[in-house]
$ cat final-v4.txt   # compact mmCIF, C-alpha atoms
# COMPACT_ATOMS: atom_id res chain seq x y z
CA MET T 152 41.20 18.49 31.59
CA LEU T 153 40.34 15.26 29.77
CA VAL T 154 42.20 13.23 32.41
CA ALA T 155 40.17 14.90 35.18
CA VAL T 156 36.85 14.10 33.47
CA ILE T 157 37.86 10.48 32.85
CA LEU T 158 38.98 10.02 36.45
CA ASP T 159 35.73 11.55 37.71
CA LEU T 160 33.66 9.21 35.52
CA LEU T 161 35.69 6.15 36.54
CA ILE T 162 36.35 6.60 40.25
CA GLY T 163 34.44 9.71 41.36
CA ASP T 164 35.37 10.90 44.85
CA PRO T 165 37.20 8.16 46.81
CA ARG T 166 35.95 8.35 50.40
CA SER T 167 39.39 7.41 51.72
CA LEU T 168 40.86 10.65 50.37
CA PRO T 169 40.21 14.10 51.90
CA HIS T 170 37.95 16.29 49.78
CA PRO T 171 38.65 20.04 49.35
CA VAL T 172 34.99 20.83 50.09
CA GLN T 173 35.47 19.35 53.57
CA PHE T 174 38.19 21.87 54.33
CA MET T 175 36.06 24.67 52.91
CA GLY T 176 33.18 23.51 55.11
CA VAL T 177 35.33 23.62 58.25
CA VAL T 178 36.41 27.22 57.55
CA ILE T 179 32.83 28.27 56.74
CA SER T 180 31.41 26.65 59.89
CA PHE T 181 34.05 28.24 62.13
CA SER T 182 33.57 31.64 60.49
CA LYS T 183 29.78 31.37 60.79
CA VAL T 184 29.89 30.71 64.53
CA LEU T 185 32.40 33.51 65.09
CA THR T 186 30.42 36.00 62.98
CA GLU T 187 27.11 35.21 64.69
CA LYS T 188 28.78 35.59 68.09
CA ILE T 189 30.11 39.04 67.16
CA ALA T 190 27.16 40.34 65.13
CA LYS T 191 24.38 38.85 67.28
CA GLU T 192 21.10 40.14 65.72
CA ASN T 193 22.57 43.15 63.92
CA LYS T 194 21.64 42.76 60.23
CA SER T 195 24.35 45.09 58.93
CA LYS T 196 27.07 43.26 60.87
CA LEU T 197 25.73 39.89 59.67
CA TYR T 198 25.80 41.11 56.09
CA ILE T 199 29.37 42.43 56.45
CA GLY T 200 30.37 39.20 58.19
CA GLY T 201 28.95 37.18 55.30
CA LEU T 202 30.85 39.36 52.85
CA ILE T 203 34.10 38.73 54.75
CA ILE T 204 33.43 34.97 54.95
CA THR T 205 32.77 34.80 51.22
CA PHE T 206 35.86 36.83 50.33
CA THR T 207 38.08 34.83 52.70
CA VAL T 208 36.94 31.33 51.70
CA VAL T 209 36.90 32.08 47.98
CA SER T 210 40.32 33.76 48.12
CA LEU T 211 41.92 30.97 50.15
CA SER T 212 40.47 28.34 47.83
CA GLY T 213 41.69 30.11 44.70
CA ILE T 214 45.16 30.74 46.16
CA SER T 215 45.44 27.09 47.31
CA GLY T 216 44.56 25.91 43.81
CA TRP T 217 47.03 28.37 42.28
CA ILE T 218 49.87 27.12 44.55
CA ILE T 219 49.15 23.48 43.61
CA GLU T 220 49.20 24.53 39.95
CA ARG T 221 52.68 26.06 40.44
CA LEU T 222 53.90 22.75 41.89
CA PHE T 223 52.34 20.81 39.02
CA LEU T 224 53.92 23.04 36.36
CA PHE T 225 57.33 22.75 38.08
CA TYR T 226 57.36 18.96 38.53
CA GLU T 227 55.63 18.23 35.21
CA ILE T 228 58.96 18.75 33.48
CA LYS T 229 60.56 15.94 35.55
CA ASN T 230 57.70 13.43 35.54
CA PRO T 231 54.91 14.51 33.16
CA ILE T 232 52.77 11.31 33.29
CA LEU T 233 52.69 10.98 37.08
CA CYS T 234 52.14 14.71 37.59
CA THR T 235 49.30 14.78 35.05
CA LEU T 236 47.56 11.85 36.79
CA ILE T 237 47.91 13.40 40.26
CA PHE T 238 46.81 16.82 39.03
CA GLY T 239 43.91 15.22 37.16
CA LEU T 240 42.83 13.38 40.32
CA ILE T 241 42.91 16.59 42.36
CA ILE T 242 40.94 18.62 39.81
CA SER T 243 38.42 15.78 39.29
CA SER T 244 37.28 16.35 42.88
CA SER T 245 35.50 19.46 41.59
CA LEU T 246 33.25 17.35 39.33
CA ALA T 247 30.30 15.26 40.47
CA SER T 248 29.42 13.09 37.45
CA ARG T 249 29.96 9.69 39.01
CA SER T 250 28.72 10.57 42.52
CA LEU T 251 25.51 12.12 41.15
CA ASN T 252 24.90 9.22 38.79
CA LYS T 253 25.58 6.63 41.47
CA SER T 254 23.29 8.26 44.06
CA ILE T 255 20.38 8.50 41.62
CA VAL T 256 20.82 5.02 40.11
CA GLU T 257 20.80 3.48 43.61
CA ILE T 258 17.37 4.99 44.27
CA LEU T 259 16.10 3.98 40.82
CA ASP T 260 17.16 0.39 41.49
CA ILE T 261 15.20 0.37 44.74
CA ILE T 262 12.09 1.83 43.08
CA SER T 263 12.28 -0.69 40.23
CA LYS T 264 11.84 -3.52 42.72
CA GLU T 265 8.50 -4.49 44.19
CA ASN T 266 6.80 -1.43 45.69
CA THR T 267 6.84 -2.28 49.40
CA ILE T 268 6.78 -0.03 52.46
CA ASN T 269 10.42 -0.89 53.23
CA ASN T 270 11.55 -0.04 49.70
CA LEU T 271 9.67 3.27 49.79
CA SER T 272 11.20 4.14 53.16
CA ASN T 273 14.67 3.26 51.89
CA SER T 274 14.16 5.38 48.76
CA ARG T 275 13.08 8.36 50.85
CA GLN T 276 16.08 8.00 53.16
CA LYS T 277 18.57 7.94 50.27
CA LEU T 278 16.73 10.76 48.50
CA SER T 279 17.04 12.97 51.58
CA LEU T 280 20.83 12.88 51.15
CA ILE T 281 20.73 14.58 47.74
CA VAL T 282 17.70 16.93 47.85
CA GLY T 283 16.67 19.80 50.11
CA ARG T 284 12.91 19.16 50.08
CA ASP T 285 11.00 17.19 52.71
CA VAL T 286 10.77 13.55 51.66
CA GLU T 287 8.80 11.90 54.49
CA ASN T 288 5.46 11.81 52.64
CA LEU T 289 6.64 11.35 49.03
CA ASP T 290 5.19 8.44 47.05
CA SER T 291 7.12 6.72 44.25
CA ASN T 292 5.87 9.19 41.60
CA GLU T 293 6.99 12.19 43.65
CA ILE T 294 10.33 10.51 44.37
CA LEU T 295 10.86 10.07 40.63
CA ARG T 296 9.97 13.74 40.03
CA ALA T 297 12.45 14.77 42.71
CA LEU T 298 15.12 12.62 41.06
CA ALA T 299 14.42 14.12 37.63
CA GLU T 300 14.63 17.66 38.99
CA THR T 301 17.76 17.12 41.07
CA ALA T 302 19.49 15.25 38.22
CA SER T 303 18.79 18.25 35.96
CA GLU T 304 19.73 20.99 38.39
CA ASN T 305 22.76 19.24 39.89
CA SER T 306 24.11 18.36 36.45
CA VAL T 307 24.60 22.09 35.95
CA ASP T 308 25.75 22.88 39.49
CA GLY T 309 27.96 19.80 39.90
CA ILE T 310 29.27 19.18 36.38
CA PHE T 311 28.85 21.92 33.81
CA ALA T 312 29.45 24.99 35.99
CA PRO T 313 32.79 23.67 37.34
CA LEU T 314 33.68 22.47 33.82
CA PHE T 315 33.07 25.96 32.47
CA TRP T 316 35.39 27.53 35.04
CA MET T 317 38.02 24.83 34.41
CA PHE T 318 37.79 25.64 30.70
CA LEU T 319 38.24 29.34 31.45
CA GLY T 320 41.27 28.64 33.65
CA THR T 321 42.82 26.50 30.90
CA ILE T 322 42.30 29.32 28.40
CA PHE T 323 44.02 31.69 30.85
CA TRP T 324 47.00 29.33 30.76
CA GLU T 325 47.12 29.55 26.97
CA PHE T 326 48.01 33.23 27.36
CA ASN T 327 50.01 33.22 30.59
CA LYS T 328 50.92 30.26 32.81
CA SER T 329 51.21 32.53 35.86
CA MET T 330 47.47 33.26 35.75
CA PRO T 331 44.93 31.18 37.73
CA GLY T 332 44.46 27.90 35.87
CA PRO T 333 41.77 25.20 35.81
CA LEU T 334 42.22 24.08 39.44
CA ALA T 335 42.23 27.58 40.89
CA MET T 336 39.12 28.56 38.94
CA ALA T 337 37.34 25.29 39.79
CA TRP T 338 38.07 25.74 43.51
CA ILE T 339 36.88 29.35 43.41
CA PHE T 340 33.59 28.06 42.03
CA LYS T 341 33.39 25.18 44.53
CA ALA T 342 33.99 27.65 47.37
CA SER T 343 31.09 29.85 46.26
CA SER T 344 28.88 26.78 45.80
CA THR T 345 29.76 25.43 49.26
CA ILE T 346 29.09 28.79 50.92
CA ASP T 347 25.70 28.91 49.19
CA SER T 348 24.79 25.36 50.26
CA MET T 349 25.76 26.04 53.89
CA LEU T 350 24.66 29.65 54.36
CA GLY T 351 22.43 30.55 51.42
CA TYR T 352 19.03 30.23 53.12
CA LYS T 353 16.45 33.00 53.26
CA GLU T 354 15.62 32.50 56.92
CA GLY T 355 16.81 33.85 60.26
CA LYS T 356 20.34 35.20 60.41
CA LEU T 357 21.31 33.34 57.26
CA LYS T 358 19.13 35.70 55.23
CA TRP T 359 21.86 38.30 55.80
CA LEU T 360 24.88 36.15 56.55
CA GLY T 361 24.54 34.05 53.39
CA PHE T 362 23.41 36.82 51.04
CA THR T 363 26.79 37.51 49.41
CA GLY T 364 27.69 33.84 48.98
CA ALA T 365 24.31 33.04 47.43
CA LYS T 366 24.57 35.93 44.96
CA LEU T 367 28.12 34.98 44.01
CA ASP T 368 27.05 31.38 43.35
CA ASP T 369 24.13 32.59 41.22
CA LEU T 370 26.54 34.76 39.25
CA MET T 371 29.04 31.94 38.68
CA VAL T 372 26.33 29.53 37.47
CA TRP T 373 24.56 32.15 35.31
CA ILE T 374 26.66 31.71 32.16
CA PRO T 375 27.12 27.90 32.37
CA SER T 376 23.37 27.32 32.82
CA ARG T 377 22.62 29.32 29.69
CA ILE T 378 25.29 27.52 27.68
CA VAL T 379 23.65 24.24 28.75
CA LEU T 380 20.32 25.68 27.56
CA ILE T 381 21.78 26.31 24.10
CA THR T 382 23.92 23.16 23.73
CA LEU T 383 21.85 20.34 25.28
CA PRO T 384 19.30 20.13 22.40
CA PHE T 385 22.19 19.18 20.08
CA CYS T 386 22.72 16.04 22.21
CA CYS T 387 19.15 14.77 21.91
CA LYS T 388 16.44 14.38 19.30
CA PRO T 389 13.67 16.74 20.45
CA LYS T 390 10.19 16.30 18.98
CA GLN T 391 10.26 19.95 17.93
CA SER T 392 12.98 22.08 16.39
CA ILE T 393 16.09 22.95 18.39
CA PHE T 394 15.18 26.64 18.31
CA LYS T 395 11.66 25.98 19.66
CA THR T 396 13.03 23.63 22.34
CA ILE T 397 15.34 26.38 23.56
CA LYS T 398 12.59 28.99 23.35
CA ASP T 399 10.03 26.88 25.28
CA SER T 400 12.63 25.91 27.89
CA TRP T 401 13.51 29.56 28.45
CA LYS T 402 9.84 30.52 28.72
CA ASP T 403 9.11 27.81 31.32
CA GLY T 404 12.37 28.12 33.25
CA ILE T 405 12.77 31.88 33.58
CA VAL T 406 9.69 32.25 35.82
CA ASP T 407 11.40 30.24 38.57
CA THR T 408 12.57 32.29 41.56
CA SER T 409 16.11 31.01 40.97
CA PRO T 410 17.90 32.65 38.05
CA ASN T 411 19.53 29.33 37.11
CA SER T 412 17.80 26.19 38.44
CA GLY T 413 14.55 26.78 36.54
CA ILE T 414 16.40 27.08 33.23
CA SER T 415 18.52 24.01 34.02
CA GLU T 416 15.47 21.89 34.82
CA ALA T 417 13.50 23.20 31.84
CA ILE T 418 16.01 22.31 29.14
CA PHE T 419 16.49 18.80 30.55
CA ALA T 420 12.71 18.43 30.85
CA TYR T 421 12.13 19.25 27.19
CA CYS T 422 15.07 17.17 25.95
CA ALA T 423 14.15 14.15 28.10
CA GLU T 424 10.42 14.73 27.45
CA VAL T 425 9.35 14.74 31.10
CA LYS T 426 7.13 17.09 33.12
CA MET T 427 8.64 18.78 36.17
CA GLY T 428 7.52 21.22 38.84
CA GLY T 429 4.66 21.18 41.32
CA VAL T 430 4.21 21.32 45.08
CA ASN T 431 7.27 20.81 47.30
CA TYR T 432 7.72 21.17 51.06
CA TYR T 433 10.86 22.57 52.68
CA LYS T 434 11.06 22.25 56.47
CA GLY T 435 7.29 21.96 56.53
CA LYS T 436 6.69 25.05 54.40
CA LYS T 437 4.77 24.64 51.15
CA ARG T 438 6.35 25.95 47.97
CA ILE T 439 4.76 25.71 44.53
CA LYS T 440 7.26 25.48 41.68
CA PRO T 441 6.12 26.41 38.14
CA ILE T 442 5.12 23.50 35.93
CA ILE T 443 7.72 22.81 33.24
CA ALA T 444 7.04 20.94 29.96
CA GLU T 445 3.41 20.46 30.95
CA THR T 446 2.43 18.45 27.86
CA TYR T 447 4.96 15.70 28.59
CA PRO T 448 4.36 12.71 30.91
CA MET T 449 5.36 12.55 34.58
CA ALA T 450 8.84 11.38 35.54
CA SER T 451 9.54 7.67 35.22
CA ILE T 452 12.53 5.43 35.79
CA ASN T 453 13.35 5.61 32.07
CA SER T 454 13.08 9.39 31.86
CA VAL T 455 15.40 9.86 34.86
CA ARG T 456 17.92 7.50 33.26
CA LYS T 457 17.54 9.49 30.04
CA ILE T 458 18.46 12.71 31.89
CA LEU T 459 21.62 11.03 33.22
CA GLY T 460 22.49 9.86 29.70
CA LEU T 461 21.93 13.34 28.27
CA SER T 462 24.21 14.80 30.92
CA LEU T 463 27.02 12.41 29.96
CA ARG T 464 26.57 13.15 26.25
CA LEU T 465 26.65 16.88 26.86
CA GLU T 466 29.80 16.55 28.98
CA LEU T 467 31.56 14.80 26.07
CA PHE T 468 30.18 17.41 23.65
CA TRP T 469 31.62 20.20 25.80
CA LEU T 470 35.03 18.50 25.91
CA LEU T 471 35.08 18.24 22.12
CA ALA T 472 34.01 21.87 21.73
CA PHE T 473 36.66 22.99 24.20
CA TYR T 474 39.35 21.01 22.37
CA LEU T 475 38.41 22.77 19.13
CA ILE T 476 38.46 26.19 20.85
CA ILE T 477 41.98 25.55 22.16
CA LYS T 478 43.10 24.49 18.68
CA LEU T 479 41.72 27.72 17.24
CA ILE T 480 43.51 29.79 19.90
CA ASN T 481 46.80 28.09 19.05
CA LEU T 482 46.51 28.65 15.29
$ encode --input "final-v4.txt" --output "C-alpha cells"
Amino acid sequence: MLVAVILDLLIGDPRSLPHPVQFMGVVISFSKVLTEKIAKENKSKLYIGGLIITFTVVSLSGISGWIIERLFLFYEIKNPILCTLIFGLIISSSLASRSLNKSIVEILDIISKENTINNLSNSRQKLSLIVGRDVENLDSNEILRALAETASENSVDGIFAPLFWMFLGTIFWEFNKSMPGPLAMAWIFKASSTIDSMLGYKEGKLKWLGFTGAKLDDLMVWIPSRIVLITLPFCCKPKQSIFKTIKDSWKDGIVDTSPNSGISEAIFAYCAEVKMGGVNYYKGKKRIKPIIAETYPMASINSVRKILGLSLRLELFWLLAFYLIIKLINL
C-alpha cells in the first residue's frame, strides 16, 4: 500500500504504459454501442442494458485484479522486492495524486504569468481537460474557482475513494488471502467510476443506460467522502473549532444535488478558507451550484495550492491511520 502511494506521488501514470482504465473504456464503449443498437429507444431495455454493462465491467475488473493478486502472492515468495515494486506500480494506477496535482499546477503557472489573451486561452484549453463545465467564457477568477472545486472533488474521487477500497481489500487479506485484496477492490471502484464518467449523464439515452453505474459510483464514494469530511480538519488549522468546521461543511455541502461532491468541496473550502459555488454552464445549459463557505474570499492561486497541500497531508494521515488499524488487528 505504502509503495503504491509513493510510486503514484513520484511517477504518477507513465504514458508509455497501458492504463487499466483504457481497457475498461474500450469494453464500456463497445457495450454502449451494442446496447443502444438492441434497445433503440426502449427505456426499460436501456436500463437493463446499463445494469448488464455495469455488472460485466465491474466483475471483469475485480476478477482481473484478483488474478493478478494470486500471481503476486505466488511469486512474492521467490522475489519479494521485485514483486512488491511491480504490484505497487500496478495498484498505483488507481490513484491520481500526481496527475491531478500536475494538471492543476500547470494551469496555475500559466495564470501567474502576465494576464494576456493567449495565456487565458491556454488556461481554458488545459482546464477543459479536467472539468466538465463549459470553459470558453471563463475569466481568470472563474478559472481559479473551477480549479479549487475540481481539486476538492477529484481529491476524493481520484485519491481517497480508491485508497479507502484499497484499505478495505488489505484488511480482507488480514483475515483470508483468498479474498479480494487491494488491487481487486481498487479496480472494482475504478470500473464504477469509469462507467459513471462515460455513461452517467442525465440526458437522452444515457439517463437510463448510465443510471446503474452512476448510482454504484455514488454508493462507493459515499463512505470515503464522509471520512474525508471528518478527518480533513485535523490536517489544517481552521479558524473555528474542528466540530464547527465539520458541521458548517455538512450544512453547506449536503444541499448539493450530488450526494458526495458537495460535501467534498465544502470541507476543502472551509479548511482552505475559500468560497466555492456559483453559476456554471454545461453544454450551454446554466446550472447554479449552492454557495459554499460564503464568508471566505474567492479562489486564488494560493488557496488552490493550499487545497493541493491539504490533500497530500490527508493522504499521509490516512496511511498512518491505516497502519495503526492493521497493527491493532494483528494484536
$ closest_residue --input "final-v4.txt" --among "T:Glu293, T:Ala417, T:Asn270, T:Glu466" --to "Pro313 of chain T" --atoms "all atoms listed in the file"
T:Glu466
$ atom_distance --input "final-v4.txt" --atom1 "atom CA of Ser343 of chain T" --atom2 "atom CA of Val154 of chain T"
24.3 Å
$ residues_around --input "final-v4.txt" --residues "segment 438-446 of chain T" --least-positions-apart "5" --cutoff "9 Å" --atoms "all atoms listed in the file" --output "ChimeraX atom specification"
/T:399-400,403-404,406-408,413,416-417,420-421,424-433
$ write_last_selection --input "final-v4.txt" --atoms "C-alpha atoms" --output "CSV table (one decimal), keeping the file's coordinate frame"
chain,number,residue,atom,x,y,z
T,399,ASP,CA,10.0,26.9,25.3
T,400,SER,CA,12.6,25.9,27.9
T,403,ASP,CA,9.1,27.8,31.3
T,404,GLY,CA,12.4,28.1,33.2
T,406,VAL,CA,9.7,32.2,35.8
T,407,ASP,CA,11.4,30.2,38.6
T,408,THR,CA,12.6,32.3,41.6
T,413,GLY,CA,14.6,26.8,36.5
T,416,GLU,CA,15.5,21.9,34.8
T,417,ALA,CA,13.5,23.2,31.8
T,420,ALA,CA,12.7,18.4,30.8
T,421,TYR,CA,12.1,19.2,27.2
T,424,GLU,CA,10.4,14.7,27.4
T,425,VAL,CA,9.4,14.7,31.1
T,426,LYS,CA,7.1,17.1,33.1
T,427,MET,CA,8.6,18.8,36.2
T,428,GLY,CA,7.5,21.2,38.8
T,429,GLY,CA,4.7,21.2,41.3
T,430,VAL,CA,4.2,21.3,45.1
T,431,ASN,CA,7.3,20.8,47.3
T,432,TYR,CA,7.7,21.2,51.1
T,433,TYR,CA,10.9,22.6,52.7
$ residues_around --input "final-v4.txt" --residues "Ser245 of chain T" --least-positions-apart "5" --cutoff "8 Å" --atoms "all atoms listed in the file" --output "list in words"
Gly309, Pro313, Ala337, Trp338 and Lys341 of chain T
$ closest_residue --input "final-v4.txt" --among "T:Arg296, T:Val156, T:Arg275, T:Asp290" --to "Ile241 of chain T" --atoms "only C-alpha atoms"
T:Val156
$ closest_residue --input "final-v4.txt" --among "T:Ile237, T:Cys422, T:Leu370, T:Ala297" --to "Phe385 of chain T" --atoms "only C-alpha atoms"
T:Cys422
$ atom_distance --input "final-v4.txt" --atom1 "atom CA of Thr382 of chain T" --atom2 "atom CA of Trp469 of chain T"
8.5 Å
